[in-house]
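With PDB, C-alpha atoms and all ligand atoms inside, this is protein24.pdb:
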ATOM      1  CA  MET A   1     -61.284 -94.765-134.244
ATOM      2  CA  ASN A   2     -60.562 -97.320-136.932
ATOM      3  CA  HIS A   3     -57.987 -96.229-139.588
ATOM      4  CA  LEU A   4     -60.333 -96.917-142.521
ATOM      5  CA  PHE A   5     -63.076 -94.782-140.991
ATOM      6  CA  GLU A   6     -60.628 -91.980-140.300
ATOM      7  CA  GLN A   7     -59.381 -92.053-143.901
ATOM      8  CA  ALA A   8     -62.944 -91.709-145.164
ATOM      9  CA  PHE A   9     -64.190 -88.965-142.849
ATOM     10  CA  SER A  10     -61.233 -87.051-141.434
ATOM     11  CA  MET A  11     -60.998 -83.414-142.545
ATOM     12  CA  GLN A  12     -57.669 -82.821-140.850
ATOM     13  CA  GLY A  13     -55.465 -80.417-142.812
ATOM     14  CA  ARG A  14     -58.430 -79.293-144.956
ATOM     15  CA  VAL A  15     -59.735 -75.751-145.241
ATOM     16  CA  ALA A  16     -63.490 -75.158-145.506
ATOM     17  CA  LEU A  17     -65.274 -71.882-146.155
ATOM     18  CA  ILE A  18     -68.937 -71.606-145.206
ATOM     19  CA  THR A  19     -71.031 -68.612-146.268
ATOM     20  CA  GLY A  20     -73.660 -67.488-143.770
ATOM     21  CA  GLY A  21     -71.611 -69.511-141.296
ATOM     22  CA  GLY A  22     -72.554 -67.498-138.203
ATOM     23  CA  SER A  23     -76.019 -68.957-137.722
ATOM     24  CA  GLY A  24     -78.457 -71.771-138.473
ATOM     25  CA  LEU A  25     -77.427 -74.404-141.002
ATOM     26  CA  GLY A  26     -74.154 -72.653-141.850
ATOM     27  CA  LEU A  27     -72.988 -72.845-138.251
ATOM     28  CA  ALA A  28     -74.068 -76.491-138.006
ATOM     29  CA  ILE A  29     -72.108 -77.307-141.164
ATOM     30  CA  ALA A  30     -69.112 -75.484-139.684
ATOM     31  CA  ARG A  31     -69.497 -77.508-136.469
ATOM     32  CA  SER A  32     -69.496 -80.847-138.287
ATOM     33  CA  LEU A  33     -66.512 -80.031-140.530
ATOM     34  CA  HIS A  34     -64.644 -78.593-137.551
ATOM     35  CA  ALA A  35     -65.424 -81.688-135.456
ATOM     36  CA  ALA A  36     -63.849 -83.774-138.232
ATOM     37  CA  GLY A  37     -60.647 -81.701-137.986
ATOM     38  CA  ALA A  38     -61.041 -78.988-140.652
ATOM     39  CA  GLN A  39     -59.896 -75.390-140.415
ATOM     40  CA  VAL A  40     -63.186 -73.542-140.918
ATOM     41  CA  VAL A  41     -63.627 -70.001-142.211
ATOM     42  CA  LEU A  42     -67.054 -68.527-141.546
ATOM     43  CA  THR A  43     -68.284 -65.631-143.629
ATOM     44  CA  GLY A  44     -71.274 -63.361-143.386
ATOM     45  CA  ARG A  45     -72.186 -59.738-142.903
ATOM     46  CA  ARG A  46     -72.693 -59.636-139.134
ATOM     47  CA  GLU A  47     -69.322 -59.527-137.392
ATOM     48  CA  GLU A  48     -70.631 -60.031-133.861
ATOM     49  CA  LEU A  49     -72.394 -63.256-134.818
ATOM     50  CA  LEU A  50     -69.325 -64.591-136.619
ATOM     51  CA  GLN A  51     -67.063 -63.661-133.727
ATOM     52  CA  GLU A  52     -69.289 -65.480-131.257
ATOM     53  CA  ALA A  53     -69.462 -68.576-133.463
ATOM     54  CA  CYS A  54     -65.675 -68.706-133.790
ATOM     55  CA  LYS A  55     -65.240 -68.266-130.047
ATOM     56  CA  GLU A  56     -67.521 -71.222-129.461
ATOM     57  CA  LEU A  57     -65.725 -73.403-132.024
ATOM     58  CA  GLY A  58     -62.284 -72.523-130.637
ATOM     59  CA  GLU A  59     -59.062 -73.366-132.447
ATOM     60  CA  ARG A  60     -59.146 -73.825-136.233
ATOM     61  CA  ALA A  61     -62.061 -71.376-136.634
ATOM     62  CA  ALA A  62     -61.746 -67.949-138.249
ATOM     63  CA  TYR A  63     -64.128 -65.483-139.849
ATOM     64  CA  GLU A  64     -64.201 -62.881-142.583
ATOM     65  CA  VAL A  65     -66.930 -60.274-142.883
ATOM     66  CA  SER A  66     -68.118 -60.545-146.464
ATOM     67  CA  ASP A  67     -71.285 -60.024-148.484
ATOM     68  CA  VAL A  68     -71.763 -62.825-151.003
ATOM     69  CA  SER A  69     -73.901 -60.608-153.241
ATOM     70  CA  LEU A  70     -70.948 -58.266-153.914
ATOM     71  CA  ASP A  71     -68.442 -59.355-156.576
ATOM     72  CA  ALA A  72     -65.634 -57.354-154.967
ATOM     73  CA  ASP A  73     -66.207 -59.136-151.627
ATOM     74  CA  CYS A  74     -66.143 -62.562-153.331
ATOM     75  CA  LYS A  75     -62.837 -61.813-155.066
ATOM     76  CA  ALA A  76     -61.297 -60.347-151.904
ATOM     77  CA  LEU A  77     -62.407 -63.380-149.897
ATOM     78  CA  ALA A  78     -60.794 -65.842-152.299
ATOM     79  CA  LYS A  79     -57.549 -63.857-152.206
ATOM     80  CA  LYS A  80     -57.606 -63.686-148.404
ATOM     81  CA  VAL A  81     -58.099 -67.454-148.092
ATOM     82  CA  LEU A  82     -55.321 -68.160-150.585
ATOM     83  CA  ASP A  83     -52.947 -65.741-148.833
ATOM     84  CA  THR A  84     -53.756 -67.090-145.371
ATOM     85  CA  TYR A  85     -54.099 -70.843-145.912
ATOM     86  CA  GLY A  86     -52.713 -71.433-149.390
ATOM     87  CA  ARG A  87     -55.573 -73.784-150.249
ATOM     88  CA  ILE A  88     -59.339 -74.330-150.210
ATOM     89  CA  ASP A  89     -60.839 -77.793-149.925
ATOM     90  CA  VAL A  90     -64.523 -77.143-149.282
ATOM     91  CA  LEU A  91     -66.761 -74.263-150.317
ATOM     92  CA  VAL A  92     -70.265 -74.279-148.857
ATOM     93  CA  ASN A  93     -72.673 -71.888-150.577
ATOM     94  CA  ASN A  94     -75.137 -71.600-147.726
ATOM     95  CA  ALA A  95     -75.878 -67.862-147.228
ATOM     96  CA  GLY A  96     -79.499 -67.089-147.849
ATOM     97  CA  LYS A  97     -82.502 -64.954-147.165
ATOM     98  CA  HIS A  98     -86.215 -65.326-147.516
ATOM     99  CA  VAL A  99     -89.006 -63.186-148.924
ATOM    100  CA  LYS A 100     -92.474 -64.570-148.353
ATOM    101  CA  LYS A 101     -95.133 -62.733-150.360
ATOM    102  CA  PRO A 102     -97.991 -63.646-152.690
ATOM    103  CA  VAL A 103     -96.939 -63.603-156.355
ATOM    104  CA  GLU A 104     -98.773 -60.327-157.059
ATOM    105  CA  GLN A 105     -96.863 -58.481-154.329
ATOM    106  CA  LEU A 106     -93.355 -59.613-155.157
ATOM    107  CA  THR A 107     -91.372 -56.628-156.480
ATOM    108  CA  ARG A 108     -88.439 -56.661-158.889
ATOM    109  CA  GLU A 109     -86.238 -55.549-155.968
ATOM    110  CA  ASP A 110     -87.433 -58.499-153.860
ATOM    111  CA  PHE A 111     -86.739 -60.917-156.706
ATOM    112  CA  GLN A 112     -83.361 -59.420-157.563
ATOM    113  CA  GLY A 113     -82.322 -59.411-153.894
ATOM    114  CA  ILE A 114     -83.035 -63.125-153.603
ATOM    115  CA  LEU A 115     -81.228 -63.961-156.863
ATOM    116  CA  ASP A 116     -78.233 -61.837-155.847
ATOM    117  CA  VAL A 117     -77.618 -63.793-152.651
ATOM    118  CA  HIS A 118     -78.660 -67.357-153.469
ATOM    119  CA  LEU A 119     -77.859 -67.751-157.125
ATOM    120  CA  LEU A 120     -75.541 -65.043-158.445
ATOM    121  CA  GLY A 121     -73.669 -64.778-155.144
ATOM    122  CA  SER A 122     -73.008 -68.510-154.913
ATOM    123  CA  PHE A 123     -72.029 -68.678-158.586
ATOM    124  CA  PHE A 124     -69.543 -65.797-158.476
ATOM    125  CA  LEU A 125     -68.037 -66.928-155.186
ATOM    126  CA  THR A 126     -67.559 -70.380-156.700
ATOM    127  CA  GLN A 127     -65.966 -68.789-159.762
ATOM    128  CA  ALA A 128     -63.558 -66.880-157.505
ATOM    129  CA  PHE A 129     -62.411 -70.087-155.757
ATOM    130  CA  LEU A 130     -62.187 -72.316-158.837
ATOM    131  CA  PRO A 131     -58.649 -71.363-159.918
ATOM    132  CA  MET A 132     -57.348 -72.497-156.495
ATOM    133  CA  MET A 133     -59.230 -75.785-156.672
ATOM    134  CA  ARG A 134     -58.174 -76.410-160.274
ATOM    135  CA  ALA A 135     -54.545 -75.808-159.313
ATOM    136  CA  GLN A 136     -54.870 -78.280-156.400
ATOM    137  CA  LYS A 137     -56.793 -80.753-158.577
ATOM    138  CA  SER A 138     -59.261 -81.228-155.736
ATOM    139  CA  GLY A 139     -62.193 -79.607-153.975
ATOM    140  CA  SER A 140     -65.772 -80.095-152.871
ATOM    141  CA  ILE A 141     -68.344 -77.417-153.603
ATOM    142  CA  LEU A 142     -71.717 -77.606-151.890
ATOM    143  CA  PHE A 143     -74.873 -75.670-152.645
ATOM    144  CA  ILE A 144     -77.585 -75.538-149.996
ATOM    145  CA  SER A 145     -80.790 -75.703-152.011
ATOM    146  CA  SER A 146     -84.302 -76.295-150.621
ATOM    147  CA  MET A 147     -87.552 -78.248-150.886
ATOM    148  CA  ALA A 148     -88.729 -75.113-152.661
ATOM    149  CA  ALA A 149     -86.722 -76.357-155.672
ATOM    150  CA  THR A 150     -88.819 -79.502-156.010
ATOM    151  CA  ASN A 151     -92.185 -78.798-154.375
ATOM    152  CA  ALA A 152     -94.968 -76.301-154.992
ATOM    153  CA  LEU A 153     -94.342 -74.138-151.926
ATOM    154  CA  THR A 154     -96.517 -71.032-151.982
ATOM    155  CA  GLN A 155     -95.502 -67.362-151.561
ATOM    156  CA  VAL A 156     -91.822 -68.002-152.237
ATOM    157  CA  ALA A 157     -91.626 -67.686-156.040
ATOM    158  CA  ALA A 158     -88.267 -65.885-156.169
ATOM    159  CA  TYR A 159     -86.743 -68.168-153.538
ATOM    160  CA  SER A 160     -88.003 -71.265-155.428
ATOM    161  CA  ALA A 161     -86.570 -69.953-158.693
ATOM    162  CA  ALA A 162     -83.190 -69.298-157.052
ATOM    163  CA  LYS A 163     -83.038 -72.666-155.293
ATOM    164  CA  THR A 164     -84.025 -74.476-158.512
ATOM    165  CA  GLY A 165     -81.348 -72.506-160.357
ATOM    166  CA  MET A 166     -78.794 -73.851-157.887
ATOM    167  CA  LEU A 167     -79.554 -77.402-159.020
ATOM    168  CA  GLY A 168     -78.860 -76.350-162.605
ATOM    169  CA  LEU A 169     -75.569 -74.833-161.474
ATOM    170  CA  VAL A 170     -74.616 -78.064-159.714
ATOM    171  CA  ARG A 171     -75.164 -80.114-162.883
ATOM    172  CA  SER A 172     -73.449 -77.654-165.182
ATOM    173  CA  LEU A 173     -70.450 -77.052-162.909
ATOM    174  CA  ALA A 174     -70.025 -80.759-162.193
ATOM    175  CA  GLY A 175     -69.907 -81.384-165.937
ATOM    176  CA  GLU A 176     -67.233 -78.753-166.360
ATOM    177  CA  VAL A 177     -64.918 -79.123-163.357
ATOM    178  CA  SER A 178     -65.072 -82.766-162.224
ATOM    179  CA  ILE A 179     -62.224 -83.640-164.611
ATOM    180  CA  ASP A 180     -59.978 -81.570-162.309
ATOM    181  CA  GLY A 181     -60.980 -83.545-159.216
ATOM    182  CA  ILE A 182     -63.500 -80.926-158.094
ATOM    183  CA  ARG A 183     -66.850 -82.306-156.973
ATOM    184  CA  VAL A 184     -70.027 -80.235-156.988
ATOM    185  CA  ASN A 185     -73.156 -81.316-155.115
ATOM    186  CA  ALA A 186     -76.287 -79.921-153.510
ATOM    187  CA  ILE A 187     -78.012 -80.631-150.251
ATOM    188  CA  LEU A 188     -81.757 -80.294-150.288
ATOM    189  CA  PRO A 189     -82.800 -79.681-146.685
ATOM    190  CA  GLY A 190     -86.391 -80.202-145.719
ATOM    191  CA  PHE A 191     -87.754 -78.054-142.927
ATOM    192  CA  ILE A 192     -85.052 -77.502-140.353
ATOM    193  CA  ASP A 193     -85.520 -75.653-137.080
ATOM    194  CA  THR A 194     -83.495 -72.443-137.621
ATOM    195  CA  PRO A 195     -84.272 -68.705-137.299
ATOM    196  CA  MET A 196     -85.184 -68.655-141.012
ATOM    197  CA  PHE A 197     -87.667 -71.507-140.604
ATOM    198  CA  ARG A 198     -89.217 -69.870-137.532
ATOM    199  CA  LYS A 199     -89.547 -66.570-139.373
ATOM    200  CA  ALA A 200     -91.438 -68.332-142.159
ATOM    201  CA  THR A 201     -93.745 -70.348-139.881
ATOM    202  CA  ASP A 202     -94.155 -68.575-136.509
ATOM    203  CA  THR A 203     -96.814 -66.214-137.796
ATOM    204  CA  ASP A 204     -98.410 -68.805-140.067
ATOM    205  CA  PRO A 205     -99.615 -71.807-138.006
ATOM    206  CA  ALA A 206    -101.612 -73.173-140.962
ATOM    207  CA  ARG A 207     -98.381 -73.406-143.000
ATOM    208  CA  TYR A 208     -96.624 -75.125-140.102
ATOM    209  CA  GLN A 209     -99.450 -77.691-139.800
ATOM    210  CA  LYS A 210     -99.403 -78.288-143.556
ATOM    211  CA  ILE A 211     -95.651 -78.950-143.499
ATOM    212  CA  MET A 212     -95.902 -81.344-140.563
ATOM    213  CA  GLY A 213     -98.889 -83.159-142.064
ATOM    214  CA  HIS A 214     -96.803 -83.831-145.161
ATOM    215  CA  THR A 215     -93.673 -84.978-143.280
ATOM    216  CA  PRO A 216     -93.621 -88.700-142.393
ATOM    217  CA  MET A 217     -91.367 -87.957-139.398
ATOM    218  CA  ALA A 218     -93.861 -85.222-138.351
ATOM    219  CA  ARG A 219     -91.178 -82.869-137.047
ATOM    220  CA  ALA A 220     -88.666 -80.322-138.243
ATOM    221  CA  GLY A 221     -85.074 -81.476-138.592
ATOM    222  CA  GLN A 222     -82.156 -80.262-136.500
ATOM    223  CA  PRO A 223     -79.373 -78.125-138.034
ATOM    224  CA  MET A 224     -76.792 -80.856-137.364
ATOM    225  CA  ASP A 225     -78.786 -83.221-139.636
ATOM    226  CA  ILE A 226     -77.597 -80.966-142.449
ATOM    227  CA  GLY A 227     -74.152 -80.607-140.874
ATOM    228  CA  TRP A 228     -73.455 -84.347-141.028
ATOM    229  CA  ALA A 229     -74.792 -84.586-144.591
ATOM    230  CA  ALA A 230     -72.382 -81.801-145.557
ATOM    231  CA  LEU A 231     -69.501 -83.644-143.889
ATOM    232  CA  TYR A 232     -70.222 -86.728-146.007
ATOM    233  CA  LEU A 233     -70.227 -84.689-149.232
ATOM    234  CA  ALA A 234     -67.078 -82.796-148.202
ATOM    235  CA  ALA A 235     -65.084 -85.820-147.043
ATOM    236  CA  PRO A 236     -63.115 -88.433-149.029
ATOM    237  CA  ALA A 237     -65.982 -90.895-148.283
ATOM    238  CA  SER A 238     -67.917 -89.305-151.181
ATOM    239  CA  GLN A 239     -64.969 -89.090-153.593
ATOM    240  CA  PHE A 240     -66.984 -90.552-156.533
ATOM    241  CA  VAL A 241     -70.099 -88.432-155.874
ATOM    242  CA  THR A 242     -70.571 -85.362-158.064
ATOM    243  CA  GLY A 243     -73.441 -83.548-159.768
ATOM    244  CA  THR A 244     -76.013 -84.885-157.352
ATOM    245  CA  THR A 245     -78.499 -83.778-154.712
ATOM    246  CA  LEU A 246     -78.746 -85.249-151.232
ATOM    247  CA  VAL A 247     -82.237 -84.865-149.780
ATOM    248  CA  VAL A 248     -82.389 -84.557-145.961
ATOM    249  CA  ASP A 249     -86.029 -83.938-145.154
ATOM    250  CA  GLY A 250     -87.603 -86.449-142.741
ATOM    251  CA  GLY A 251     -89.448 -87.912-145.748
ATOM    252  CA  PHE A 252     -91.155 -84.676-146.857
ATOM    253  CA  SER A 253     -90.390 -85.352-150.524
ATOM    254  CA  VAL A 254     -92.250 -88.672-150.407
ATOM    255  CA  GLY A 255     -94.871 -87.578-147.883
ATOM    256  CA  PHE A 256     -98.549 -88.107-148.678
TER
HETATM  257  P1  LIG B 301     -80.252 -68.284-141.296
HETATM  258  O1  LIG B 301     -81.021 -67.030-141.530
HETATM  259  O2  LIG B 301     -79.951 -68.697-139.908
HETATM  260  O3  LIG B 301     -78.875 -68.268-142.090
HETATM  261  C1  LIG B 301     -78.642 -67.569-143.271
HETATM  262  C2  LIG B 301     -77.316 -66.874-143.135
HETATM  263  O4  LIG B 301     -76.958 -66.252-144.365
HETATM  264  C3  LIG B 301     -77.342 -65.783-142.054
HETATM  265  O5  LIG B 301     -76.214 -65.910-141.217
HETATM  266  C4  LIG B 301     -77.288 -64.508-142.865
HETATM  267  O6  LIG B 301     -76.680 -63.446-142.173
HETATM  268  C5  LIG B 301     -76.441 -64.965-144.075
HETATM  269  N1  LIG B 301     -76.585 -64.074-145.223
HETATM  270  C6  LIG B 301     -77.715 -63.566-145.761
HETATM  271  N2  LIG B 301     -77.413 -62.751-146.789
HETATM  272  C7  LIG B 301     -76.067 -62.752-146.915
HETATM  273  C8  LIG B 301     -75.148 -62.118-147.790
HETATM  274  N3  LIG B 301     -75.569 -61.289-148.749
HETATM  275  N4  LIG B 301     -73.821 -62.375-147.641
HETATM  276  C9  LIG B 301     -73.388 -63.199-146.665
HETATM  277  N5  LIG B 301     -74.205 -63.823-145.807
HETATM  278  C10 LIG B 301     -75.518 -63.593-145.922
HETATM  279  O7  LIG B 301     -81.081 -69.411-142.082
HETATM  280  P2  LIG B 301     -80.814 -70.978-142.308
HETATM  281  O8  LIG B 301     -82.131 -71.627-142.126
HETATM  282  O9  LIG B 301     -79.640 -71.432-141.548
HETATM  283  O10 LIG B 301     -80.492 -70.995-143.874
HETATM  284  C11 LIG B 301     -79.256 -71.383-144.425
HETATM  285  C12 LIG B 301     -79.474 -71.848-145.852
HETATM  286  O11 LIG B 301     -80.301 -73.015-145.844
HETATM  287  C13 LIG B 301     -80.207 -70.818-146.721
HETATM  288  O12 LIG B 301     -79.638 -70.813-148.009
HETATM  289  C14 LIG B 301     -81.618 -71.345-146.760
HETATM  290  O13 LIG B 301     -82.286 -70.935-147.915
HETATM  291  C15 LIG B 301     -81.379 -72.843-146.729
HETATM  292  N6  LIG B 301     -82.496 -73.656-146.262
HETATM  293  C16 LIG B 301     -82.977 -73.558-144.986
HETATM  294  C17 LIG B 301     -84.027 -74.399-144.590
HETATM  295  C18 LIG B 301     -84.605 -74.389-143.203
HETATM  296  O14 LIG B 301     -85.613 -75.054-142.971
HETATM  297  N7  LIG B 301     -84.032 -73.700-142.262
HETATM  298  C19 LIG B 301     -84.590 -75.290-145.496
HETATM  299  C20 LIG B 301     -84.077 -75.348-146.782
HETATM  300  C21 LIG B 301     -83.031 -74.536-147.146
END
Translate this structure into structure tokens?
Ligand code: NAD
Amino acid sequence: MNHLFEQAFSMQGRVALITGGGSGLGLAIARSLHAAGAQVVLTGRREELLQEACKELGERAAYEVSDVSLDADCKALAKKVLDTYGRIDVLVNNAGKHVKKPVEQLTREDFQGILDVHLLGSFFLTQAFLPMMRAQKSGSILFISSMAATNALTQVAAYSAAKTGMLGLVRSLAGEVSIDGIRVNAILPGFIDTPMFRKATDTDPARYQKIMGHTPMARAGQPMDIGWAALYLAAPASQFVTGTTLVVDGGFSVGF
């Protein structure tokens, strides 16, 4: 590997925390950062899944059971990472869940549950890690948003509101923390073949056909497509990129 390339993309000596890192896009992001040399810390609520993921990744992979919707868990996680590694270079706010219901059927509990994980959870976890990043004068914070933030997807009102809110957070945080060398960006994945995508489309073939008809590449993406995008935004290669959104969607956003 050429020295210049290594300088731009190596994550050696860096510590990355990925929420919802035991499955789907989170695990793919962990794989890409780990492949580039990072120490990865996967978090989520299901210990067995996290354990299996770490076993597969091997050295430089650890996990912490943690629920991003609980403030106490977020604070404890930040403390644990600081105590164990003494630094945090990349925070990936990826944990998520889905509620698919017509507008009239969406309850306050459904809505609150979605906000708690996607929006409030990612905000308060970010807040918990900021002092460490400010002290280091460096860091890359990623928010995994969705096409639902920019397109009129049906039956996912709460999810769309949360994912759109994330883009507001990215802009606001970037404005506030970039002066300390901390970059804040979003990835906007199109439809990627993960358990969450299958749950949303397996029982709804018409929705699946609609998505594919609107996607110039006419297929769902692979989790590693998001993994490599995350590596770019985490690595020194993107050192002047902050406050932005990287769309990875097989052309869905420009599809006719
Ligand atoms: P997934 O269900 O495989 O992964 C979500 C992960 O988040 C799971 O491991 C789950 O256990 C974890 N999680 C849920 N609630 C949590 C909580 N309170 N605390 C900690 N962890 C929690 O789904 P995925 O498709 O990999 O989704 C990952 C992210 O990507 C989500 O934010 C999702 O909204 C977003 N996204 C996915 C797609 C897609 O097509 N798959 C498209 C756009 C955006």
Atom-to-atom span, CA of Gly227 (chain A) and CA of Met166 (chain A), Å: 18.9 Å
Which residues are close to region 139-154 of chain A, i.e. within 7 Å by only C-alpha atoms, leaving aside same-chain residues fewer than 4 positions away? Reply as a PDB file with C-alpha atoms, in the frame of the given file.
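Produced file selection31.pdb, reproduced below:
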ATOM      1  CA  ASP A  89     -60.839 -77.793-149.925  1.00  0.00           C
ATOM      2  CA  VAL A  90     -64.523 -77.143-149.282  1.00  0.00           C
ATOM      3  CA  LEU A  91     -66.761 -74.263-150.317  1.00  0.00           C
ATOM      4  CA  VAL A  92     -70.265 -74.279-148.857  1.00  0.00           C
ATOM      5  CA  ASN A  93     -72.673 -71.888-150.577  1.00  0.00           C
ATOM      6  CA  ASN A  94     -75.137 -71.600-147.726  1.00  0.00           C
ATOM      7  CA  MET A 133     -59.230 -75.785-156.672  1.00  0.00           C
ATOM      8  CA  SER A 160     -88.003 -71.265-155.428  1.00  0.00           C
ATOM      9  CA  LYS A 163     -83.038 -72.666-155.293  1.00  0.00           C
ATOM     10  CA  THR A 164     -84.025 -74.476-158.512  1.00  0.00           C
ATOM     11  CA  MET A 166     -78.794 -73.851-157.887  1.00  0.00           C
ATOM     12  CA  GLY A 181     -60.980 -83.545-159.216  1.00  0.00           C
ATOM     13  CA  ILE A 182     -63.500 -80.926-158.094  1.00  0.00           C
ATOM     14  CA  ARG A 183     -66.850 -82.306-156.973  1.00  0.00           C
ATOM     15  CA  VAL A 184     -70.027 -80.235-156.988  1.00  0.00           C
ATOM     16  CA  ASN A 185     -73.156 -81.316-155.115  1.00  0.00           C
ATOM     17  CA  ALA A 186     -76.287 -79.921-153.510  1.00  0.00           C
ATOM     18  CA  ILE A 187     -78.012 -80.631-150.251  1.00  0.00           C
ATOM     19  CA  LEU A 188     -81.757 -80.294-150.288  1.00  0.00           C
ATOM     20  CA  PRO A 189     -82.800 -79.681-146.685  1.00  0.00           C
ATOM     21  CA  GLY A 190     -86.391 -80.202-145.719  1.00  0.00           C
ATOM     22  CA  ALA A 234     -67.078 -82.796-148.202  1.00  0.00           C
TER      23      ALA A 234
END
Residues matched by the PyMOL selection byres (((not hetatm)) within 7 of (chain B and resi 301)) as a ChimeraX atom specification: /A:19-26,43-46,66-69,94-98,117-118,144-147,188-197
Resolved residues for the PyMOL selection byres (((chain A and resi 249) around 10) and not hetatm) as JSON, numbers by chain: {"A": [146, 147, 188, 189, 190, 191, 192, 215, 216, 217, 219, 220, 221, 225, 226, 246, 247, 248, 250, 251, 252, 253, 254, 255]}
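One distance worth recording is that between CA of Ala62 (chain A) and CA of Val40 (chain A), which is 6.4 Å.
Remark: for Gln127 (chain A), the closest of the candidate residues A:Val103, A:Leu50, A:Ile211, A:Leu173 is A:Leu173 (distances computed over all atoms listed in the file).
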Distance in Å - CA of Gln51 (chain A) versus CA of Thr126 (chain A): 23.9 Å
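Close to (-56.2, -82.2, -156.8), meaning no more than 7 Å away when counting all atoms listed in the file, sit the residues A:Gln136, A:Lys137, A:Ser138, A:Asp180, A:Gly181.
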Polymer residues at most 12 Å from Lys79 (chain A), all atoms listed in the file, same-chain spacing of 3 or more positions, as a list in words: Glu64, Ala72, Asp73, Cys74, Lys75, Ala76, Leu82, Asp83, Thr84, Tyr85, Gly86, Arg87, Ile88, Leu125, Ala128, Phe129, Leu130, Pro131 and Met132 of chain A
Residue among A:Ala30, A:Ile18, A:Met1, A:Ala157 lying closest to Met224 (chain A), counting only C-alpha atoms: A:Ala30
Nearest to Leu169 (chain A) by atom-to-atom distance, counting only C-alpha atoms, from A:Ser238, A:Gln112, A:Thr245, A:Gln105: A:Thr245
To box region 172-179 of chain A, take all atoms listed in the file, fit an axis-aligned box, add 8 Å on each side, and give centre and edge lengths in Å to one decimal, as AutoDock Vina command-line options.
--center_x -67.8 --center_y -80.3 --center_z -164.3 --size_x 27.2 --size_y 22.6 --size_z 20.2
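The shortest atom-to-atom distance to Glu104 (chain A), with only C-alpha atoms taken into account, belongs to A:Ala158 out of A:Arg207, A:Val241, A:Ala158, A:Ala53.
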Selection as a list in words: residues within 9 Å of (-58.8, -72.3, -139.5), counting all atoms listed in the file: Arg14, Val15, Ala16, His34, Ala38, Gln39, Val40, Val41, Glu59, Arg60, Ala61, Ala62, Tyr63 and Tyr85 of chain A
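Distances to Val99 (chain A) were evaluated for A:Glu6, A:Val170, A:Phe111, A:Ala218 using all atoms listed in the file, and the minimum falls at A:Phe111.
Of the residues under consideration (A:Ala235, A:Leu120, A:Ala162, A:Glu56), A:Ala235 shows the shortest atom-to-atom contact distance to Gln12 (chain A) when counting all atoms listed in the file.
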